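Asker: The structure file model-v4.cif (mmCIF, C-alpha atoms) is provided below.
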data_data
#
loop_
_atom_site.label_atom_id
_atom_site.label_comp_id
_atom_site.auth_asym_id
_atom_site.auth_seq_id
_atom_site.Cartn_x
_atom_site.Cartn_y
_atom_site.Cartn_z
CA MET A 1 71.16 -79.36 -27.43
CA TYR A 2 74.51 -77.74 -26.80
CA ASP A 3 75.98 -77.94 -23.30
CA ALA A 4 73.31 -80.37 -22.07
CA LYS A 5 75.74 -81.70 -19.46
CA TYR A 6 75.71 -78.27 -17.80
CA ILE A 7 72.15 -77.20 -18.46
CA ILE A 8 70.26 -80.28 -17.24
CA PRO A 9 72.03 -80.63 -13.87
CA GLY A 10 71.75 -76.87 -13.49
CA LEU A 11 67.99 -77.02 -14.05
CA ILE A 12 67.65 -79.90 -11.58
CA VAL A 13 69.55 -77.96 -8.91
CA PHE A 14 67.48 -74.84 -9.62
CA VAL A 15 64.12 -76.67 -9.34
CA ALA A 16 65.27 -78.47 -6.19
CA LEU A 17 66.27 -75.19 -4.56
CA MET A 18 63.08 -73.39 -5.59
CA THR A 19 60.82 -76.14 -4.25
CA PHE A 20 62.86 -76.64 -1.10
CA PRO A 21 60.33 -74.91 1.22
CA ILE A 22 57.52 -77.10 -0.14
CA TRP A 23 59.04 -80.52 0.42
CA LYS A 24 60.82 -79.41 3.60
CA ASN A 25 57.45 -78.64 5.27
CA MET A 26 55.48 -81.42 3.59
CA GLY A 27 52.90 -83.03 5.87
CA ASN A 28 53.66 -80.50 8.59
CA ALA A 29 51.27 -77.63 9.24
CA GLY A 30 53.62 -75.79 11.57
CA PRO A 31 52.89 -74.98 15.19
CA VAL A 32 49.12 -74.93 15.75
CA PRO A 33 47.97 -71.64 17.30
CA LYS A 34 46.81 -71.85 20.89
CA PRO A 35 44.70 -68.79 21.63
CA GLU A 36 44.61 -68.11 25.36
CA LYS A 37 41.12 -68.43 26.78
CA PRO A 38 39.91 -65.98 29.39
CA VAL A 39 40.26 -67.13 33.00
CA GLY A 40 37.13 -67.67 35.05
CA VAL A 41 34.69 -67.61 32.11
CA THR A 42 33.70 -70.91 30.54
CA LYS A 43 31.00 -69.99 28.06
CA CYS A 44 31.13 -67.61 25.12
CA ILE A 45 28.03 -66.23 23.44
CA ASP A 46 27.91 -69.24 21.11
CA SER A 47 29.63 -72.60 20.65
CA VAL A 48 33.39 -72.64 20.22
CA LYS A 49 33.00 -74.12 16.75
CA TYR A 50 30.64 -71.35 15.63
CA MET A 51 32.76 -68.61 17.13
CA ARG A 52 35.88 -70.02 15.50
CA THR A 53 34.34 -69.91 12.03
CA SER A 54 31.92 -66.99 12.25
CA HIS A 55 33.06 -64.45 14.85
CA MET A 56 33.62 -61.91 12.08
CA LYS A 57 30.03 -62.37 10.89
CA VAL A 58 28.81 -61.87 14.47
CA LEU A 59 30.78 -58.63 14.73
CA ASP A 60 29.43 -57.38 11.39
CA ASP A 61 25.85 -58.16 12.39
CA TRP A 62 26.29 -56.47 15.75
CA ARG A 63 27.69 -53.37 14.11
CA ASP A 64 24.70 -52.99 11.82
CA GLU A 65 22.19 -53.73 14.58
CA VAL A 66 23.78 -51.34 17.05
CA LEU A 67 24.59 -48.45 14.72
CA ARG A 68 21.77 -48.56 12.21
CA GLU A 69 18.84 -50.12 14.04
CA GLY A 70 19.76 -48.84 17.49
CA ASP A 71 19.30 -52.34 18.90
CA ARG A 72 21.75 -52.48 21.80
CA VAL A 73 20.06 -55.22 23.82
CA PRO A 74 22.96 -57.14 25.40
CA ILE A 75 23.53 -60.85 24.79
CA GLU A 76 22.85 -62.85 27.94
CA VAL A 77 24.81 -66.03 28.66
CA ASN A 78 24.42 -67.85 32.00
CA GLY A 79 22.96 -64.71 33.54
CA VAL A 80 25.88 -62.53 32.46
CA LYS A 81 25.11 -59.72 30.01
CA TYR A 82 27.56 -58.88 27.28
CA ASP A 83 27.35 -55.67 25.24
CA LYS A 84 27.16 -56.12 21.49
CA SER A 85 30.53 -54.49 21.07
CA LEU A 86 34.09 -55.47 20.30
CA MET A 87 35.71 -53.11 22.79
CA ASN A 88 32.99 -53.17 25.43
CA GLY A 89 31.93 -56.79 24.88
CA CYS A 90 34.42 -59.32 23.52
CA LEU A 91 37.55 -57.63 24.82
CA LYS A 92 36.16 -57.44 28.38
CA CYS A 93 36.87 -61.19 28.68
CA HIS A 94 39.37 -61.72 25.87
CA ALA A 95 41.50 -58.97 27.31
CA ASP A 96 44.82 -59.93 25.75
CA LYS A 97 44.76 -59.25 22.02
CA LYS A 98 48.26 -60.65 21.39
CA LYS A 99 47.56 -63.97 23.05
CA PHE A 100 44.03 -64.36 21.70
CA CYS A 101 43.24 -62.51 18.46
CA ASP A 102 46.72 -62.31 16.98
CA GLU A 103 47.50 -65.96 17.70
CA CYS A 104 45.23 -67.24 14.89
CA HIS A 105 45.24 -64.13 12.72
CA VAL A 106 49.01 -64.31 12.35
CA TYR A 107 48.89 -68.07 11.70
CA THR A 108 46.31 -67.73 8.94
CA SER A 109 47.86 -64.50 7.68
CA VAL A 110 44.69 -62.43 7.95
CA LYS A 111 45.03 -58.77 8.75
CA PRO A 112 41.68 -57.52 10.04
CA TYR A 113 41.42 -53.74 10.10
CA CYS A 114 39.60 -53.72 13.46
CA TRP A 115 42.65 -52.29 15.19
CA ASP A 116 42.89 -49.22 12.98
CA CYS A 117 40.13 -47.74 15.13
CA HIS A 118 39.39 -50.12 17.97
CA PHE A 119 41.87 -50.85 20.72
CA VAL A 120 42.10 -53.09 23.75
CA PRO A 121 40.64 -51.05 26.59
CA LYS A 122 43.04 -52.49 29.15
CA GLU A 123 46.02 -51.56 27.03
CA THR A 124 46.47 -48.38 25.04
CA PHE A 125 46.76 -47.63 21.37
CA MET B 1 -2.55 -53.57 -52.86
CA ASP B 2 -3.93 -50.23 -53.82
CA LYS B 3 -2.31 -48.36 -50.89
CA LYS B 4 -0.28 -45.44 -52.01
CA ARG B 5 3.13 -44.75 -50.59
CA ARG B 6 1.86 -41.45 -49.21
CA GLN B 7 -0.93 -43.18 -47.23
CA PHE B 8 1.47 -45.72 -45.81
CA LEU B 9 3.80 -43.02 -44.48
CA LYS B 10 0.87 -41.21 -42.85
CA ILE B 11 -0.30 -44.32 -41.00
CA ALA B 12 3.24 -45.24 -39.96
CA GLY B 13 3.83 -41.76 -38.57
CA LEU B 14 0.57 -41.67 -36.64
CA SER B 15 1.10 -45.08 -35.08
CA THR B 16 4.62 -44.11 -34.00
CA ILE B 17 3.29 -41.03 -32.19
CA ALA B 18 0.52 -43.04 -30.58
CA GLY B 19 2.93 -45.77 -29.48
CA LEU B 20 5.35 -43.35 -27.86
CA GLY B 21 2.85 -40.96 -26.37
CA ALA B 22 0.15 -43.22 -25.02
CA PRO B 23 2.04 -44.76 -22.05
CA ALA B 24 3.24 -41.37 -20.84
CA ALA B 25 -0.27 -39.90 -21.16
CA LEU B 26 -1.75 -42.90 -19.35
CA ASN B 27 0.78 -42.57 -16.53
CA MET B 28 -0.08 -38.92 -16.06
CA LEU B 29 -3.80 -39.68 -16.01
CA LEU B 30 -3.43 -42.57 -13.53
CA LYS B 31 -1.13 -40.81 -11.09
CA GLY B 32 -2.80 -37.44 -11.51
CA GLU B 33 0.50 -35.51 -11.51
CA PRO B 34 3.02 -34.39 -14.08
CA SER B 35 5.64 -37.14 -14.07
CA PRO B 36 9.11 -35.53 -14.14
CA VAL B 37 9.98 -34.70 -10.50
CA SER B 38 12.35 -31.77 -10.30
CA PHE B 39 15.43 -32.08 -8.10
CA ALA B 40 14.44 -29.07 -6.02
CA SER B 41 10.99 -30.35 -5.13
CA SER B 42 12.41 -33.28 -3.15
CA GLY B 43 14.69 -30.92 -1.26
CA GLY B 44 11.93 -28.85 0.26
CA GLY B 45 12.44 -25.13 -0.21
CA ALA B 46 10.99 -22.25 1.71
CA GLY B 47 7.70 -23.93 2.57
CA ALA B 48 9.33 -27.17 3.73
CA SER B 49 9.68 -26.25 7.39
CA GLN B 50 6.19 -27.59 7.95
CA GLY B 51 7.19 -30.99 6.56
CA ALA B 52 9.08 -32.39 9.58
CA ALA B 53 8.27 -35.95 10.57
CA PRO B 54 5.34 -35.66 12.93
CA THR B 55 5.48 -39.13 14.50
CA GLY B 56 8.04 -41.13 16.43
CA VAL B 57 11.00 -39.77 18.34
CA ARG B 58 12.97 -36.91 16.87
CA LEU B 59 15.86 -35.84 19.03
CA GLY B 60 16.85 -32.22 19.02
CA MET B 61 18.65 -29.58 21.02
CA VAL B 62 18.24 -25.98 22.07
CA VAL B 63 21.33 -23.83 22.64
CA ASP B 64 20.65 -20.85 24.88
CA GLN B 65 23.23 -18.26 23.89
CA ARG B 66 22.15 -15.96 26.76
CA VAL B 67 23.50 -18.50 29.25
CA PHE B 68 26.74 -18.99 27.32
CA ASP B 69 27.23 -15.22 27.19
CA ALA B 70 26.70 -14.99 30.93
CA ASN B 71 29.02 -17.92 31.75
CA LYS B 72 32.39 -17.31 30.13
CA GLY B 73 34.33 -20.55 29.64
CA LEU B 74 31.28 -22.80 29.67
CA ALA B 75 31.37 -23.33 25.92
CA GLU B 76 35.04 -24.33 26.05
CA LYS B 77 34.20 -26.85 28.76
CA CYS B 78 31.49 -28.34 26.52
CA ILE B 79 33.95 -28.65 23.65
CA THR B 80 36.53 -30.38 25.84
CA ALA B 81 33.89 -32.73 27.25
CA CYS B 82 32.77 -33.73 23.74
CA HIS B 83 36.22 -34.13 22.29
CA THR B 84 37.45 -36.18 25.25
CA THR B 85 34.40 -38.44 25.17
CA HIS B 86 34.84 -39.20 21.50
CA ASN B 87 38.64 -39.37 21.28
CA VAL B 88 38.82 -36.43 18.90
CA PRO B 89 42.47 -35.72 18.04
CA ASP B 90 44.14 -32.34 18.41
CA PHE B 91 46.55 -31.79 15.54
CA GLY B 92 47.37 -28.27 16.70
CA ASN B 93 46.96 -27.13 13.11
CA PRO B 94 43.80 -25.52 11.69
CA LYS B 95 44.25 -27.17 8.28
CA ASP B 96 43.99 -30.71 9.65
CA GLU B 97 41.65 -29.84 12.51
CA ILE B 98 38.91 -32.29 13.53
CA LYS B 99 35.93 -30.54 15.08
CA TRP B 100 32.74 -32.09 16.41
CA ILE B 101 31.62 -28.95 18.20
CA PHE B 102 33.19 -25.51 18.01
CA GLN B 103 32.53 -21.79 18.32
CA VAL B 104 31.89 -19.29 15.53
CA PRO B 105 30.76 -15.64 15.47
CA TYR B 106 27.17 -14.72 14.66
CA GLU B 107 27.69 -13.96 10.98
CA LYS B 108 29.32 -17.36 10.43
CA ALA B 109 26.63 -19.24 12.30
CA PHE B 110 23.67 -17.42 10.74
CA PRO B 111 24.84 -16.03 7.40
CA GLY B 112 21.31 -15.56 6.07
CA LYS B 113 20.32 -13.18 8.85
CA SER B 114 20.64 -9.40 8.68
CA HIS B 115 23.97 -8.13 9.94
CA ASN B 116 23.40 -4.43 9.54
CA LEU B 117 23.07 -2.43 12.77
CA ARG B 118 22.60 -5.56 14.81
CA ASN B 119 22.43 -5.88 18.55
CA GLU B 120 25.77 -4.97 20.13
CA LYS B 121 26.16 -8.04 22.29
CA LEU B 122 26.20 -10.20 19.17
CA HIS B 123 29.59 -8.71 18.23
CA ASP B 124 31.30 -10.66 21.02
CA SER B 125 29.00 -13.68 21.13
CA ARG B 126 30.54 -16.90 19.94
CA PHE B 127 27.98 -19.52 19.02
CA LEU B 128 28.46 -23.23 19.62
CA VAL B 129 27.90 -25.06 16.36
CA PHE B 130 27.78 -28.79 15.69
CA CYS B 131 25.92 -31.23 13.46
CA ASN B 132 22.32 -30.10 12.99
CA HIS B 133 20.99 -33.65 12.63
CA CYS B 134 18.74 -32.42 9.86
CA ASP B 135 15.43 -34.07 9.20
CA ASN B 136 16.27 -33.83 5.50
CA PRO B 137 20.03 -34.36 5.59
CA PRO B 138 21.89 -33.57 2.35
CA CYS B 139 24.97 -35.49 3.56
CA VAL B 140 22.96 -38.71 3.70
CA ARG B 141 21.76 -38.20 0.16
CA ALA B 142 25.30 -37.50 -1.05
CA CYS B 143 26.95 -40.51 0.61
CA PRO B 144 27.58 -43.20 -2.03
CA THR B 145 28.15 -46.03 0.47
CA LYS B 146 25.42 -45.32 3.04
CA ALA B 147 28.18 -44.78 5.60
CA THR B 148 26.18 -41.84 6.90
CA PHE B 149 22.52 -42.43 7.52
CA LYS B 150 19.53 -41.11 9.43
CA ARG B 151 18.31 -43.21 12.31
CA LYS B 152 14.67 -43.58 13.27
CA ASP B 153 15.13 -41.21 16.23
CA GLY B 154 16.42 -38.45 13.94
CA ILE B 155 20.13 -38.80 14.70
CA VAL B 156 22.29 -38.54 11.59
CA ALA B 157 24.93 -41.13 12.41
CA MET B 158 28.00 -42.54 10.72
CA ASP B 159 29.41 -46.01 10.26
CA TYR B 160 33.13 -45.36 9.89
CA HIS B 161 33.65 -48.91 8.63
CA ARG B 162 31.88 -48.01 5.43
CA CYS B 163 33.30 -44.53 4.89
CA ILE B 164 35.55 -44.48 1.83
CA GLY B 165 36.68 -40.91 2.41
CA CYS B 166 35.21 -39.45 -0.78
CA ARG B 167 34.12 -36.31 1.16
CA PHE B 168 30.91 -35.87 -0.86
CA CYS B 169 29.15 -35.42 2.49
CA MET B 170 31.49 -32.57 3.39
CA ALA B 171 30.62 -30.85 0.14
CA ALA B 172 26.93 -31.53 0.70
CA CYS B 173 26.71 -30.28 4.29
CA PRO B 174 25.68 -26.63 4.07
CA TYR B 175 26.93 -26.01 7.62
CA GLY B 176 30.51 -27.31 7.31
CA MET B 177 30.06 -29.54 10.32
CA ARG B 178 32.14 -32.45 9.04
CA SER B 179 35.89 -32.99 9.34
CA PHE B 180 38.20 -35.24 7.38
CA ASN B 181 41.06 -37.25 8.86
CA TRP B 182 43.93 -36.22 6.62
CA ARG B 183 46.38 -37.94 8.94
CA ASP B 184 46.34 -40.88 11.32
CA PRO B 185 44.60 -39.36 14.34
CA ARG B 186 45.90 -41.77 16.96
CA PRO B 187 49.20 -40.10 17.86
CA PHE B 188 47.31 -36.85 18.44
CA ILE B 189 44.81 -38.15 20.97
CA ASN B 190 45.59 -37.28 24.56
CA LYS B 191 46.78 -40.54 26.12
CA GLU B 192 45.95 -39.32 29.64
CA THR B 193 42.30 -38.50 29.16
CA PHE B 194 41.03 -40.60 26.25
CA ASN B 195 37.79 -42.57 26.54
CA LYS B 196 38.52 -46.29 26.74
CA GLU B 197 34.98 -47.24 25.72
CA PHE B 198 34.91 -45.37 22.41
CA PRO B 199 37.00 -46.21 19.35
CA THR B 200 39.23 -43.79 17.52
CA ARG B 201 39.03 -43.14 13.79
CA MET B 202 41.53 -43.99 11.08
CA ARG B 203 43.14 -41.92 8.36
CA GLY B 204 40.85 -41.24 5.41
CA VAL B 205 37.42 -41.12 7.04
CA VAL B 206 35.07 -38.23 7.68
CA GLU B 207 33.71 -37.67 11.16
CA LYS B 208 31.22 -35.42 12.94
CA CYS B 209 29.03 -35.04 16.01
CA ASN B 210 26.93 -38.15 16.63
CA PHE B 211 24.55 -36.56 19.16
CA CYS B 212 26.23 -38.91 21.69
CA VAL B 213 24.24 -41.82 20.34
CA GLU B 214 26.18 -44.22 22.57
CA ARG B 215 25.31 -42.19 25.68
CA VAL B 216 21.68 -41.61 24.70
CA ALA B 217 21.31 -45.40 24.34
CA LYS B 218 22.32 -45.74 28.00
CA GLY B 219 19.79 -43.11 29.04
CA LEU B 220 22.44 -40.42 29.55
CA GLN B 221 22.42 -36.89 28.17
CA PRO B 222 24.92 -35.91 25.49
CA ALA B 223 28.34 -35.00 26.93
CA CYS B 224 28.01 -31.28 26.14
CA VAL B 225 24.55 -31.07 27.71
CA GLU B 226 25.81 -32.89 30.80
CA GLU B 227 28.71 -30.45 31.05
CA CYS B 228 26.24 -27.53 31.13
CA GLY B 229 24.61 -29.15 34.14
CA GLY B 230 21.84 -27.11 35.72
CA THR B 231 22.60 -23.90 33.83
CA GLY B 232 20.08 -24.77 31.11
CA ALA B 233 22.49 -23.60 28.43
CA MET B 234 21.71 -26.66 26.36
CA VAL B 235 18.48 -28.63 26.40
CA PHE B 236 18.25 -32.02 24.76
CA GLY B 237 15.07 -33.99 24.11
CA ASP B 238 12.36 -35.32 21.86
CA LEU B 239 10.98 -32.64 19.55
CA ASN B 240 7.91 -34.74 18.79
CA ASP B 241 6.87 -35.16 22.43
CA PRO B 242 4.62 -32.18 23.28
CA HIS B 243 5.35 -32.62 27.01
CA SER B 244 9.15 -32.75 26.78
CA GLU B 245 11.33 -30.07 28.36
CA ILE B 246 12.74 -29.05 24.99
CA ARG B 247 9.23 -28.37 23.66
CA LYS B 248 8.52 -26.24 26.71
CA VAL B 249 11.68 -24.21 26.09
CA LEU B 250 10.82 -23.88 22.40
CA ALA B 251 7.29 -22.75 23.21
CA GLU B 252 8.45 -20.08 25.66
CA ASN B 253 11.33 -18.60 23.67
CA PHE B 254 11.93 -17.17 20.24
CA THR B 255 14.48 -19.42 18.54
CA ILE B 256 16.38 -19.27 15.28
CA GLN B 257 17.93 -22.00 13.18
CA ARG B 258 20.91 -22.11 10.85
CA LYS B 259 20.05 -21.54 7.17
CA PRO B 260 16.40 -22.63 7.46
CA SER B 261 15.71 -21.58 3.86
CA LEU B 262 17.68 -24.56 2.57
CA GLY B 263 14.93 -26.91 3.71
CA THR B 264 17.24 -29.25 5.59
CA LEU B 265 15.04 -28.97 8.68
CA PRO B 266 17.75 -28.79 11.37
CA SER B 267 17.11 -30.22 14.84
CA LEU B 268 19.15 -27.50 16.54
CA PHE B 269 17.56 -24.30 17.80
CA TYR B 270 19.31 -21.21 19.12
CA ILE B 271 17.98 -18.69 21.61
CA VAL B 272 19.94 -15.54 20.80
#
Here is a file; write its structure as structure tokens.
Answerer:
Amino acid sequence: MYDAKYIIPGLIVFVALMTFPIWKNMGNAGPVPKPEKPVGVTKCIDSVKYMRTSHMKVLDDWRDEVLREGDRVPIEVNGVKYDKSLMNGCLKCHADKKKFCDECHVYTSVKPYCWDCHFVPKETF
Amino acid sequence: MDKKRRQFLKIAGLSTIAGLGAPAALNMLLKGEPSPVSFASSGGGAGASQGAAPTGVRLGMVVDQRVFDANKGLAEKCITACHTTHNVPDFGNPKDEIKWIFQVPYEKAFPGKSHNLRNEKLHDSRFLVFCNHCDNPPCVRACPTKATFKRKDGIVAMDYHRCIGCRFCMAACPYGMRSFNWRDPRPFINKETFNKEFPTRMRGVVEKCNFCVERVAKGLQPACVEECGGTGAMVFGDLNDPHSEIRKVLAENFTIQRKPSLGTLPSLFYIV
């Protein structure tokens, strides 16, 4: 190989620079999101674990039940009735989208299209 | 092997015909009807108006044009009430316009009816038109994603999540009651009066009157009917309930419908 004394160190520097973000953050998952829980309400419609993994499935199921089957019977938890609705259900308690929804969605880099149409009733769009 | 070539061809031909024809003939005999169903026969036609679903709830509305003619400005109030309730944007531009309920002259509302030498008051009458919530809705048949569908209570509703904006439904609707969001509607919704309990739409979906399905579920009347109050200009109710108010109104008055010959079986009735 011609000019090996330039090429090999050059390659090493290049690979080191390109992989810098990987080994810089190795073993470090970054700041863990801390979604703000609503004040004064202790129980959601299901366990925290289930809601964390499957809230999007819940919303999809609600949408089909409410729109297509006309089944709008509210979910009752500890005597409190919650509408099967994002805007008129979930967001009544989880009133701050930035501190609740966005916290994890930004961290995991998901961009749900809920907010193209829905908005936080206490704010504006 | 004394079979001649000629005999062989005869038998082969006959068995081919038998093999192809027998299942079709059997099907016809078993079902008792000629098998190919024509496209038109599923769509109804002139005699289809008797074919409306006789059981269950079927929501419908009567628009009394006599009351609207007597109360100038009432129709505009109904339109505002509807469009505020459902966060319908105002682009201020007829090309992009989104309309759930609007006014048209007689010949636009009822193009199949005779226009020659018609009653003079019809020249100035402007008829409120909105989704007919047909019993046989062509838009539902045209929709490739089932974003628009007919509910059990007769309301033709939409799931905007599933709408891909192909606008087949707009082409299919013979009444032109659907609007397409060419632009993002949000900046054009009045921020002072919008309804905080109803979502907006996004760019690229079709929308139309939903018979106030969200209000009906709460036991309320549709927004336009509520706006008419006690005037009786609009009556909303179950067409299949013989004791409902709407049936009483229909029994006592002569009503017309929009393009009944198409066999879409609209749920809207007009007293002219």
Asker: Counting only C-alpha atoms, which residue out of B:Lys259, B:Arg203, B:His86, B:Arg118 sits closest to chain A?
Answerer: B:Arg203
Asker: Of the residues B:Lys10, B:Arg141, B:Lys152, B:Lys99, which is the one nearest to Gly70 of chain A, using only C-alpha atoms?
Answerer: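 So, comparing all the options, the nearest one is B:Lys152.
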Asker: Counting all atoms listed in the file, which residue out of B:Lys95, B:Lys72, B:His133, B:Arg58 sits closest to Leu239 of chain B?
Answerer: B:Arg58
Asker: When distances are computed from only C-alpha atoms, which of B:Pro242, B:Gly154, B:Gly237, B:Pro174 shows the smallest separation from chain A?
Answerer: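 Using only C-alpha atoms, chain A sits closest to B:Gly154.
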Asker: Select, from B:Glu207, B:Glu245, B:Asp238, B:Glu197, the residue with the minimum atom-to-atom distance to chain A, counting all atoms listed in the file.
Answerer: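 Counting all atoms listed in the file, the residue closest to chain A is B:Glu197.
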Asker: Define the interface residues of chain B facing chain A as those within 10 Å, counting only C-alpha atoms, and report them as an MDAnalysis selection string.
Answerer: chainID B and resid 147:153 157:161 184:187 189 191 194:203 213:214 217:218
Asker: Using C-alpha atoms, can you export the residues from the last selection as a PDB file, in the coordinates of the input?
Answerer:
ATOM      1  CA  ALA B 147      28.180 -44.780   5.600  1.00  0.00           C
ATOM      2  CA  THR B 148      26.180 -41.840   6.900  1.00  0.00           C
ATOM      3  CA  PHE B 149      22.520 -42.430   7.520  1.00  0.00           C
ATOM      4  CA  LYS B 150      19.530 -41.110   9.430  1.00  0.00           C
ATOM      5  CA  ARG B 151      18.310 -43.210  12.310  1.00  0.00           C
ATOM      6  CA  LYS B 152      14.670 -43.580  13.270  1.00  0.00           C
ATOM      7  CA  ASP B 153      15.130 -41.210  16.230  1.00  0.00           C
ATOM      8  CA  ALA B 157      24.930 -41.130  12.410  1.00  0.00           C
ATOM      9  CA  MET B 158      28.000 -42.540  10.720  1.00  0.00           C
ATOM     10  CA  ASP B 159      29.410 -46.010  10.260  1.00  0.00           C
ATOM     11  CA  TYR B 160      33.130 -45.360   9.890  1.00  0.00           C
ATOM     12  CA  HIS B 161      33.650 -48.910   8.630  1.00  0.00           C
ATOM     13  CA  ASP B 184      46.340 -40.880  11.320  1.00  0.00           C
ATOM     14  CA  PRO B 185      44.600 -39.360  14.340  1.00  0.00           C
ATOM     15  CA  ARG B 186      45.900 -41.770  16.960  1.00  0.00           C
ATOM     16  CA  PRO B 187      49.200 -40.100  17.860  1.00  0.00           C
ATOM     17  CA  ILE B 189      44.810 -38.150  20.970  1.00  0.00           C
ATOM     18  CA  LYS B 191      46.780 -40.540  26.120  1.00  0.00           C
ATOM     19  CA  PHE B 194      41.030 -40.600  26.250  1.00  0.00           C
ATOM     20  CA  ASN B 195      37.790 -42.570  26.540  1.00  0.00           C
ATOM     21  CA  LYS B 196      38.520 -46.290  26.740  1.00  0.00           C
ATOM     22  CA  GLU B 197      34.980 -47.240  25.720  1.00  0.00           C
ATOM     23  CA  PHE B 198      34.910 -45.370  22.410  1.00  0.00           C
ATOM     24  CA  PRO B 199      37.000 -46.210  19.350  1.00  0.00           C
ATOM     25  CA  THR B 200      39.230 -43.790  17.520  1.00  0.00           C
ATOM     26  CA  ARG B 201      39.030 -43.140  13.790  1.00  0.00           C
ATOM     27  CA  MET B 202      41.530 -43.990  11.080  1.00  0.00           C
ATOM     28  CA  ARG B 203      43.140 -41.920   8.360  1.00  0.00           C
ATOM     29  CA  VAL B 213      24.240 -41.820  20.340  1.00  0.00           C
ATOM     30  CA  GLU B 214      26.180 -44.220  22.570  1.00  0.00           C
ATOM     31  CA  ALA B 217      21.310 -45.400  24.340  1.00  0.00           C
ATOM     32  CA  LYS B 218      22.320 -45.740  28.000  1.00  0.00           C
TER      33      LYS B 218
END
Asker: Would you fill the gaps in segment 12-29 of chain B so it has N, CA and C atoms, then print it as a PDB file, keeping the file's coordinate frame?
Answerer:
ATOM      1  N   ALA B  12       2.048 -44.891 -40.742  1.00  0.00           N
ATOM      2  CA  ALA B  12       3.240 -45.240 -39.960  1.00  0.00           C
ATOM      3  C   ALA B  12       3.577 -44.129 -38.982  1.00  0.00           C
ATOM      4  N   GLY B  13       3.520 -42.897 -39.437  1.00  0.00           N
ATOM      5  CA  GLY B  13       3.830 -41.760 -38.570  1.00  0.00           C
ATOM      6  C   GLY B  13       2.869 -41.661 -37.410  1.00  0.00           C
ATOM      7  N   LEU B  14       1.586 -41.775 -37.693  1.00  0.00           N
ATOM      8  CA  LEU B  14       0.570 -41.670 -36.640  1.00  0.00           C
ATOM      9  C   LEU B  14       0.732 -42.770 -35.592  1.00  0.00           C
ATOM     10  N   SER B  15       0.988 -44.001 -36.074  1.00  0.00           N
ATOM     11  CA  SER B  15       1.100 -45.080 -35.080  1.00  0.00           C
ATOM     12  C   SER B  15       2.361 -44.929 -34.247  1.00  0.00           C
ATOM     13  N   THR B  16       3.426 -44.363 -34.809  1.00  0.00           N
ATOM     14  CA  THR B  16       4.620 -44.110 -34.000  1.00  0.00           C
ATOM     15  C   THR B  16       4.309 -43.135 -32.878  1.00  0.00           C
ATOM     16  N   ILE B  17       3.630 -42.033 -33.210  1.00  0.00           N
ATOM     17  CA  ILE B  17       3.290 -41.030 -32.190  1.00  0.00           C
ATOM     18  C   ILE B  17       2.410 -41.640 -31.114  1.00  0.00           C
ATOM     19  N   ALA B  18       1.427 -42.417 -31.551  1.00  0.00           N
ATOM     20  CA  ALA B  18       0.520 -43.040 -30.580  1.00  0.00           C
ATOM     21  C   ALA B  18       1.278 -43.995 -29.676  1.00  0.00           C
ATOM     22  N   GLY B  19       2.168 -44.791 -30.262  1.00  0.00           N
ATOM     23  CA  GLY B  19       2.930 -45.770 -29.480  1.00  0.00           C
ATOM     24  C   GLY B  19       3.819 -45.123 -28.456  1.00  0.00           C
ATOM     25  N   LEU B  20       4.452 -44.012 -28.798  1.00  0.00           N
ATOM     26  CA  LEU B  20       5.350 -43.350 -27.860  1.00  0.00           C
ATOM     27  C   LEU B  20       4.603 -42.544 -26.816  1.00  0.00           C
ATOM     28  N   GLY B  21       3.533 -41.916 -27.250  1.00  0.00           N
ATOM     29  CA  GLY B  21       2.850 -40.960 -26.370  1.00  0.00           C
ATOM     30  C   GLY B  21       1.857 -41.579 -25.418  1.00  0.00           C
ATOM     31  N   ALA B  22       1.237 -42.681 -25.825  1.00  0.00           N
ATOM     32  CA  ALA B  22       0.150 -43.220 -25.020  1.00  0.00           C
ATOM     33  C   ALA B  22       0.570 -43.631 -23.615  1.00  0.00           C
ATOM     34  N   PRO B  23       1.683 -44.375 -23.424  1.00  0.00           N
ATOM     35  CA  PRO B  23       2.040 -44.760 -22.050  1.00  0.00           C
ATOM     36  C   PRO B  23       2.271 -43.571 -21.145  1.00  0.00           C
ATOM     37  N   ALA B  24       2.968 -42.554 -21.655  1.00  0.00           N
ATOM     38  CA  ALA B  24       3.240 -41.370 -20.840  1.00  0.00           C
ATOM     39  C   ALA B  24       1.938 -40.685 -20.443  1.00  0.00           C
ATOM     40  N   ALA B  25       1.013 -40.545 -21.438  1.00  0.00           N
ATOM     41  CA  ALA B  25      -0.270 -39.900 -21.160  1.00  0.00           C
ATOM     42  C   ALA B  25      -1.063 -40.717 -20.138  1.00  0.00           C
ATOM     43  N   LEU B  26      -1.029 -42.030 -20.284  1.00  0.00           N
ATOM     44  CA  LEU B  26      -1.750 -42.900 -19.350  1.00  0.00           C
ATOM     45  C   LEU B  26      -1.195 -42.750 -17.939  1.00  0.00           C
ATOM     46  N   ASN B  27       0.135 -42.745 -17.828  1.00  0.00           N
ATOM     47  CA  ASN B  27       0.780 -42.570 -16.530  1.00  0.00           C
ATOM     48  C   ASN B  27       0.332 -41.299 -15.844  1.00  0.00           C
ATOM     49  N   MET B  28       0.309 -40.205 -16.624  1.00  0.00           N
ATOM     50  CA  MET B  28      -0.080 -38.920 -16.060  1.00  0.00           C
ATOM     51  C   MET B  28      -1.520 -38.971 -15.588  1.00  0.00           C
ATOM     52  N   LEU B  29      -2.394 -39.606 -16.379  1.00  0.00           N
ATOM     53  CA  LEU B  29      -3.800 -39.680 -16.010  1.00  0.00           C
ATOM     54  C   LEU B  29      -3.982 -40.523 -14.754  1.00  0.00           C
TER      55      LEU B  29
END
